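Below is one structure, written out as structure tokens; the observations come after it.
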2 protein chains.
Amino acid sequence: MQFIIQRDLLIESIQHVMKAISARVTIPILTGIKIEATAEGIKLTGSDSDISIESFIPKEEEGIENVEISKNGSIVVQAKYFPDIIRKLPLKTVEISTDDHFQVTIKSGGAEFHLNGQDAVEYPQLPIFKPENSFELKNDLLKNLIKQTVFAVSTVETRPILTGVNMKVEDHFLDFVATDSHRLASRKIPLDQANEKVNFSNVIIPGKSLTELNKILDDNEETITISVTENQILFQTKNLYFLSRLLDGNYPETARLIPEQSKTIVYAKTKELLQAIDRASLLAKENRNNVVKLQTKGNNEIEISSNTPEVGQVTEDVKTESIEGEELKISFSAKYMIDALKTIEEDRVKIEFTGAMRPFIMRPMDNEFILQLILPVRTY
Amino acid sequence: MQFIIQRDLLIESIQHVMKAISARVTIPILTGIKIEATAEGIKLTGSDSDISIESFIPKEEEGIENVEISKNGSIVVQAKYFPDIIRKLPLKTVEISTDDHFQVTIKSGGAEFHLNGQDAVEYPQLPIFKPENSFELKNDLLKNLIKQTVFAVSTVETRPILTGVNMKVEDHFLDFVATDSHRLASRKIPLDQANEKVNFSNVIIPGKSLTELNKILDDNEETITISVTENQILFQTKNLYFLSRLLDGNYPETARLIPEQSKTIVYAKTKELLQAIDRASLLAKENRNNVVKLQTKGNNEIEISSNTPEVGQVTEDVKTESIEGEELKISFSAKYMIDALKTIEEDRVKIEFTGAMRPFIMRPMDNEFILQLILPVRTY
């Protein structure tokens with residue numbers, strides 16, 4: 001293998017595949033990056049068995065030559081050293097070549113590195129992927145779906161299924177749902193007509209996979225193709241191939257958790273409420289679950305408060321747009337509330353309560369497609 | 001105590017005094033910030049016994065009112081909560097007041113915090129300071145002196161005296177020296193005539209104190225007054241008072257460590273050499289002491305190399321301006337060399353060697369006032 005490549009393109013590809021590489025893997029060769037040079041360009045692969053990422057650098061793009069390949073081939077290089085070496089090289093291009101003993105030579109300007117590589121034949125083959133259901137989305141929409149739900153997955157392994165996000169396509173709607181059983185986040189979007197035949201409900205994507213995918217995807221309107229099999233999901237853009245295993249099991253039915261009627265409705269400014277709760281949480285950190293209280297008051301105001309006797313107390317009156325229905329006193333985790341309010345980009349939020357002991361839900365004022373649900377904490 | 005203050009000024013003062021506050025102190029009240037309101041303004045104090053910092057916010061500055069004081073007084077607030085609270089308040093001003101039970105009330109907009117405070121009478125008095133020697137410097141010069149030496153102090157307590165920087169004033173020169181016995185950093189500057197009578201040699205300032213001071217000082221040409229007693233040093237600007245204990249003991253005589261003649265002199269481009277050594281160190285991290293090799297070659301080139309058999313090897317030929325004297329092969333810690341080269345702001349560096357087993361020294365090409373010394377590692 002021998003090629004000369006634009007260093008910044010190589011760095012970007014390395015950063016992508018590194019998202020799948022972990023130092024703690026059972027198959028030692030997976031601590032490396034696989035590099036393949038073909039007539040089409042350079043392909044990098046990283047994998048920890050759960051997630052596999054391929055990043056492709058085409059030989060030529062829009063008439064600009066990215067890579068000059070003199071000899072095809074492949075090698076596995078140690079991921080612990082390779083990225084830093086490439087990043088710190090002196091010139092804008094780098095020449096990478098291998099010999100028969102799996103020695104990798106990296107040349108740029110006066111610098112010459114010789115690294116011990118491994119035979120790429122030893123690198124596990126990515127499973128052959130036969131998609132059963134496939135549909136398309138815009139990058140930025142997918143990123144929003146992830147950001148608005150993935151934070152609510154469970155981080156404990158007591159119910160492994162809850163560490164994933166449930167992805168459904170039903171009645172031309174794509175729906176992401178995550179819950180750790182104390183809160184629930186859900187985001188829906190209508191799918192294009194082109195995706196009409198797609199239909200599935202029990203696809204559960206590990207939260208970690210979506211978090212890593214979100215880091216790699218650019219926030220633009222390019223198209224990403226999502227394909228699903230029984231136990232794997234593939235996200236594919238022009239030069240990126242992101243494969244994740246799916247979680248095994250049945251995702252709980254979450255629709256019944258969402259209260260259908262409400263007793264108190266508060267319409268508030270999203271940012272003001274978020275900041276008031278953030279402030280109140282400063283004194284709530286010491287107490288169990290980081291709990292703050294919300295109480296409706298006259299004059300369309302709500303009082304946000306928190307009290308930790310050994311430190312002090314805080315109260316803040318927040319002006320709302322309006323309050324409808326019964327008076328209310330309720331306590332909840334400030335962290336959950338902050339996480340949920342952060343997903344709401346709209347200026348105004350509608351919060352629907354069904355009493356101090358029942359879950360309450362939040363939505364942007366004019367958007368039924370986002371729903372955040374939080375279980376209150378019993379303190380009153 | 002009761003006053004209304006510009007929040008951004010208070011935040012800056014808090015950041016300053018927090019540099020002295022540690023959660024691990026033997027006197028519990030030192031985990032707090034002391035706040036004093038007087039007719040002149042607001043004074044904040046933080047201390048861990050070793051370092052004490054006072055930051056003053058004058059009532060008025062250049063005709064602009066910073067603070068509106070309605071009632072003088074003082075209190076100690078918990079440093080764990082107070083900074084975050086002030087930082088997250090909704091308005092640009094904040095009102096702070098106390099009652100007879102040492103309760104602190106913090107009001108800004110609709111937010112109202114009540115914090116448990118402590119009686120300021122319990123806060124240790126800063127020692128009364130009678131300077132014996134006192135001189136003036138510009139802020140930016142002092143920051144340079146610190147940055148060019150403090151990295152070389154010892155981080156282990158086997159010889160506590162080496163954890164400090166030796167400050168001397170002799171023959172109208174101010175001199176900072178630090179060494180951990182493997183390397184030495186020294187920076188000298190001529191003092192103004194105004195400081196003519198100052199003379200001392202065994203002042204040893206804890207490295208940590210200088211590091212914190214450097215973080216607080218603005219990089220400008222304002223004047224800072226430095227005053228020394230037998231066991232303390234005070235750095236004083238218009239609104240800042242930074243007091244540190246000194247280390248007890250005699251600093252070793254370091255002048256004799258510096259070789260007086262050299263056998264090989266290399267004149268190199270500072271940045272190119274630094275980057276080549278940084279690259280070579282990528283493969284040196286696994287070996288003992290992070291060692292790289294330097295070897296003179298023909299054609300005014302030096303070869304920088306490193307070899308870790310299980311990973312690989314790197315060699316780089318670096319063009320120098322010129323090489324004088326004997327041929328040389330020498331090994332040294334890449335980290336020490338990088339630290340030393342980073343202190344040299346000038347484009348070109350002069351490196352003087354006295355053989356592979358002897359310490360070598362580095363200076364900017366046309367500046368005798370900075371000296372970096374490194375002991376080689378025996379590998380050849």
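Labels used: A, B, ... for chains in the order of the structure tokens, numbers from 1 for residues in each chain, and numbers from 1 for ligands as shown.
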Which residues are close to segment 339-353 of chain A, i.e. within 9 Å by only C-alpha atoms, leaving aside same-chain residues fewer than 2 positions away? Reply as a ChimeraX atom specification. /A:144,147-149,151-152,185,259,261-271,273-274,321,328,334-337,355-356,358-367,370-374
Please report, as JSON lines, each residue of chain A lying at most 6 Å from chain B, together with the nearest pair of atoms and the separation in Å rounded to one decimal; use only C-alpha atoms, and order rows by chain and ascending residue number.
{"residue": "A:Gly110", "atom": "CA", "partner": "B:Glu316", "partner_atom": "CA", "distance": 5.2}
{"residue": "A:Ala111", "atom": "CA", "partner": "B:Glu316", "partner_atom": "CA", "distance": 4.3}
{"residue": "A:Glu112", "atom": "CA", "partner": "B:Thr315", "partner_atom": "CA", "distance": 5.5}
{"residue": "A:Phe113", "atom": "CA", "partner": "B:Val314", "partner_atom": "CA", "distance": 4.2}
{"residue": "A:His114", "atom": "CA", "partner": "B:Gln313", "partner_atom": "CA", "distance": 5.1}
{"residue": "A:Leu115", "atom": "CA", "partner": "B:Gly312", "partner_atom": "CA", "distance": 4.2}
{"residue": "A:Asn116", "atom": "CA", "partner": "B:Gly312", "partner_atom": "CA", "distance": 5.5}
{"residue": "A:Val311", "atom": "CA", "partner": "B:Asn116", "partner_atom": "CA", "distance": 5.6}
{"residue": "A:Gly312", "atom": "CA", "partner": "B:Leu115", "partner_atom": "CA", "distance": 4.2}
{"residue": "A:Gln313", "atom": "CA", "partner": "B:His114", "partner_atom": "CA", "distance": 5.1}
{"residue": "A:Val314", "atom": "CA", "partner": "B:Phe113", "partner_atom": "CA", "distance": 4.2}
{"residue": "A:Thr315", "atom": "CA", "partner": "B:Glu112", "partner_atom": "CA", "distance": 5.4}
{"residue": "A:Glu316", "atom": "CA", "partner": "B:Ala111", "partner_atom": "CA", "distance": 4.3}
{"residue": "A:Asp317", "atom": "CA", "partner": "B:Gly110", "partner_atom": "CA", "distance": 5.3}
Can I get the selected residues back with N, CA and C atoms, as a PDB file, in the first residue's frame?
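That gives us out_39.pdb:
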ATOM      1  N   GLY A 110      10.480  16.597   6.738  1.00  0.00           N
ATOM      2  CA  GLY A 110      11.648  15.876   7.230  1.00  0.00           C
ATOM      3  C   GLY A 110      11.312  14.743   8.188  1.00  0.00           C
ATOM      4  N   ALA A 111      10.044  14.623   8.572  1.00  0.00           N
ATOM      5  CA  ALA A 111       9.669  13.625   9.586  1.00  0.00           C
ATOM      6  C   ALA A 111       9.333  12.290   8.957  1.00  0.00           C
ATOM      7  N   GLU A 112       9.852  11.231   9.547  1.00  0.00           N
ATOM      8  CA  GLU A 112       9.586   9.886   9.040  1.00  0.00           C
ATOM      9  C   GLU A 112       9.314   8.945  10.205  1.00  0.00           C
ATOM     10  N   PHE A 113       8.092   8.424  10.254  1.00  0.00           N
ATOM     11  CA  PHE A 113       7.692   7.489  11.311  1.00  0.00           C
ATOM     12  C   PHE A 113       7.620   6.078  10.739  1.00  0.00           C
ATOM     13  N   HIS A 114       8.083   5.115  11.530  1.00  0.00           N
ATOM     14  CA  HIS A 114       7.874   3.705  11.194  1.00  0.00           C
ATOM     15  C   HIS A 114       7.077   3.079  12.317  1.00  0.00           C
ATOM     16  N   LEU A 115       5.867   2.636  12.013  1.00  0.00           N
ATOM     17  CA  LEU A 115       5.001   2.067  13.043  1.00  0.00           C
ATOM     18  C   LEU A 115       4.795   0.587  12.775  1.00  0.00           C
ATOM     19  N   ASN A 116       4.721  -0.187  13.870  1.00  0.00           N
ATOM     20  CA  ASN A 116       4.350  -1.587  13.717  1.00  0.00           C
ATOM     21  C   ASN A 116       2.852  -1.676  13.415  1.00  0.00           C
ATOM     22  N   VAL A 311     -27.607  24.798  54.136  1.00  0.00           N
ATOM     23  CA  VAL A 311     -27.005  25.780  53.228  1.00  0.00           C
ATOM     24  C   VAL A 311     -27.842  27.064  53.150  1.00  0.00           C
ATOM     25  N   GLY A 312     -29.118  26.918  52.870  1.00  0.00           N
ATOM     26  CA  GLY A 312     -29.981  28.085  52.738  1.00  0.00           C
ATOM     27  C   GLY A 312     -31.177  27.768  51.876  1.00  0.00           C
ATOM     28  N   GLN A 313     -31.873  28.802  51.455  1.00  0.00           N
ATOM     29  CA  GLN A 313     -33.052  28.577  50.629  1.00  0.00           C
ATOM     30  C   GLN A 313     -33.123  29.618  49.525  1.00  0.00           C
ATOM     31  N   VAL A 314     -33.921  29.312  48.506  1.00  0.00           N
ATOM     32  CA  VAL A 314     -34.079  30.247  47.393  1.00  0.00           C
ATOM     33  C   VAL A 314     -35.535  30.211  46.939  1.00  0.00           C
ATOM     34  N   THR A 315     -36.083  31.386  46.654  1.00  0.00           N
ATOM     35  CA  THR A 315     -37.405  31.450  46.043  1.00  0.00           C
ATOM     36  C   THR A 315     -37.339  32.446  44.892  1.00  0.00           C
ATOM     37  N   GLU A 316     -38.070  32.154  43.840  1.00  0.00           N
ATOM     38  CA  GLU A 316     -38.107  33.088  42.726  1.00  0.00           C
ATOM     39  C   GLU A 316     -39.508  33.099  42.136  1.00  0.00           C
ATOM     40  N   ASP A 317     -40.063  34.294  41.985  1.00  0.00           N
ATOM     41  CA  ASP A 317     -41.366  34.428  41.345  1.00  0.00           C
ATOM     42  C   ASP A 317     -41.153  34.622  39.857  1.00  0.00           C
TER      43      ASP A 317
END
Can you list, as a compact mmCIF listing (two decimals) with C-alpha atoms, in the first residue's frame, every residue of segment 44-285 of chain B that DSSP puts in helix (DSSP H, G or I)?
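Contents of states08.txt, freshly written:
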# COMPACT_ATOMS: atom_id res chain seq x y z
CA PHE B 82 -21.83 31.89 46.48
CA PRO B 83 -19.88 32.12 43.17
CA ASP B 84 -22.40 30.07 41.14
CA ILE B 85 -25.32 31.99 42.61
CA ILE B 86 -23.85 35.37 41.69
CA ARG B 87 -22.90 34.13 38.22
CA LYS B 88 -26.41 32.89 37.41
CA ALA B 120 -16.70 37.59 60.05
CA VAL B 121 -15.15 38.05 63.51
CA GLU B 122 -14.30 34.33 63.41
CA ASN B 139 2.47 43.21 35.49
CA ASP B 140 3.45 41.73 32.13
CA LEU B 141 7.13 41.47 33.08
CA LEU B 142 6.27 39.65 36.30
CA LYS B 143 4.00 37.28 34.38
CA ASN B 144 6.87 36.51 31.99
CA LEU B 145 9.28 35.87 34.87
CA ILE B 146 6.79 33.42 36.35
CA LYS B 147 5.98 31.61 33.10
CA VAL B 150 7.81 28.16 37.54
CA PHE B 151 7.30 25.04 35.34
CA ALA B 152 10.74 23.80 36.44
CA PRO B 160 10.58 20.84 49.75
CA ILE B 161 12.81 23.82 49.04
CA LEU B 162 12.86 22.86 45.34
CA THR B 163 9.06 23.23 45.09
CA GLN B 193 16.96 52.84 39.39
CA ALA B 194 14.12 53.59 41.81
CA ASN B 195 14.66 50.15 43.29
CA GLY B 207 5.56 27.47 42.89
CA LYS B 208 1.83 27.11 43.52
CA SER B 209 1.59 30.72 44.76
CA LEU B 210 3.23 32.06 41.60
CA THR B 211 1.03 29.88 39.38
CA GLU B 212 -2.13 31.25 41.03
CA LEU B 213 -0.81 34.82 40.95
CA ASN B 214 -0.11 34.48 37.23
CA LYS B 215 -3.73 33.42 36.63
CA ILE B 216 -5.07 36.53 38.38
CA ALA B 255 25.37 29.12 39.52
CA ARG B 256 27.99 26.36 39.63
CA LEU B 257 25.64 23.98 37.74
CA THR B 270 12.97 27.65 17.99
CA LYS B 271 9.56 26.63 16.65
CA GLU B 272 10.82 24.07 14.13
CA LEU B 273 12.94 22.37 16.76
CA LEU B 274 10.08 22.41 19.28
CA GLN B 275 7.68 20.81 16.79
CA ALA B 276 10.18 18.12 15.72
CA ILE B 277 10.77 17.16 19.36
CA ASP B 278 7.03 17.20 20.03
CA ARG B 279 6.55 14.76 17.12
CA ALA B 280 9.39 12.49 18.23
CA SER B 281 7.95 12.44 21.75
CA LEU B 282 4.75 10.84 20.42
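Remark: for Glu54 of chain A, the closest of the candidate residues A:Val292, A:Leu240, A:Ile226, A:Ala20 is A:Leu240 (distances computed over only C-alpha atoms).
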Could you give me, as a PDB file with C-alpha atoms, in the first residue's frame, the residues within 12 Å of Glu61 of chain B, counting only C-alpha atoms and dropping anything in the same chain fewer than 5 positions from it?
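The resulting file, part.pdb, is shown below:
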ATOM      1  CA  LEU B   9     -17.318  43.370  39.056  1.00  0.00           C
ATOM      2  CA  GLU B  40     -14.721  52.999  50.534  1.00  0.00           C
ATOM      3  CA  GLY B  41     -16.199  49.954  48.867  1.00  0.00           C
ATOM      4  CA  PHE B  56     -11.207  45.410  46.473  1.00  0.00           C
ATOM      5  CA  ASN B  66     -19.738  50.477  41.217  1.00  0.00           C
ATOM      6  CA  VAL B  67     -21.420  49.930  44.562  1.00  0.00           C
ATOM      7  CA  LYS B 238      -4.379  48.965  42.859  1.00  0.00           C
ATOM      8  CA  ASN B 239      -7.214  46.686  43.954  1.00  0.00           C
TER       9      ASN B 239
END
Report the residues of segment 217-264 of chain B whose backbone DSSP state falls under strand (DSSP E), written as a list in words. Thr223, Ile224, Thr225, Ile226, Ser227, Val228, Gln232, Ile233, Leu234, Phe235, Gln236, Leu240, Tyr241, Phe242, Leu243, Ser244, Arg245 and Thr264 of chain B
How many Å lie between atom CA of Gln236 of chain B and atom CA of Ile75 of chain B, rounded to one decimal?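 Atom CA of Gln236 of chain B sits 23.7 Å away from atom CA of Ile75 of chain B.
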Please provide the set of residues having any atom within 9 Å of Ser70 of chain A, restricted to only C-alpha atoms, with same-chain residues fewer than 5 positions apart removed, written as a VMD selection string. chain A and resid 1 to 4
Polymer residues at most 6 Å from Ala37 of chain B, only C-alpha atoms, same-chain spacing of 4 or more positions, as a PyMOL selection string: chain B and resi 41-42+72-73
How would the residues just picked look written out with N, CA and C atoms as a compact mmCIF listing (two decimals), in the first residue's frame?
# COMPACT_ATOMS: atom_id res chain seq x y z
N GLY B 41 -15.79 50.94 49.86
CA GLY B 41 -16.20 49.95 48.87
C GLY B 41 -16.33 48.57 49.48
N ILE B 42 -16.22 47.56 48.63
CA ILE B 42 -16.41 46.17 49.05
C ILE B 42 -15.08 45.44 48.95
N ASN B 72 -22.74 49.50 56.32
CA ASN B 72 -21.45 48.82 56.42
C ASN B 72 -21.61 47.51 57.20
N GLY B 73 -20.60 46.65 57.09
CA GLY B 73 -20.65 45.41 57.84
C GLY B 73 -19.81 44.35 57.16
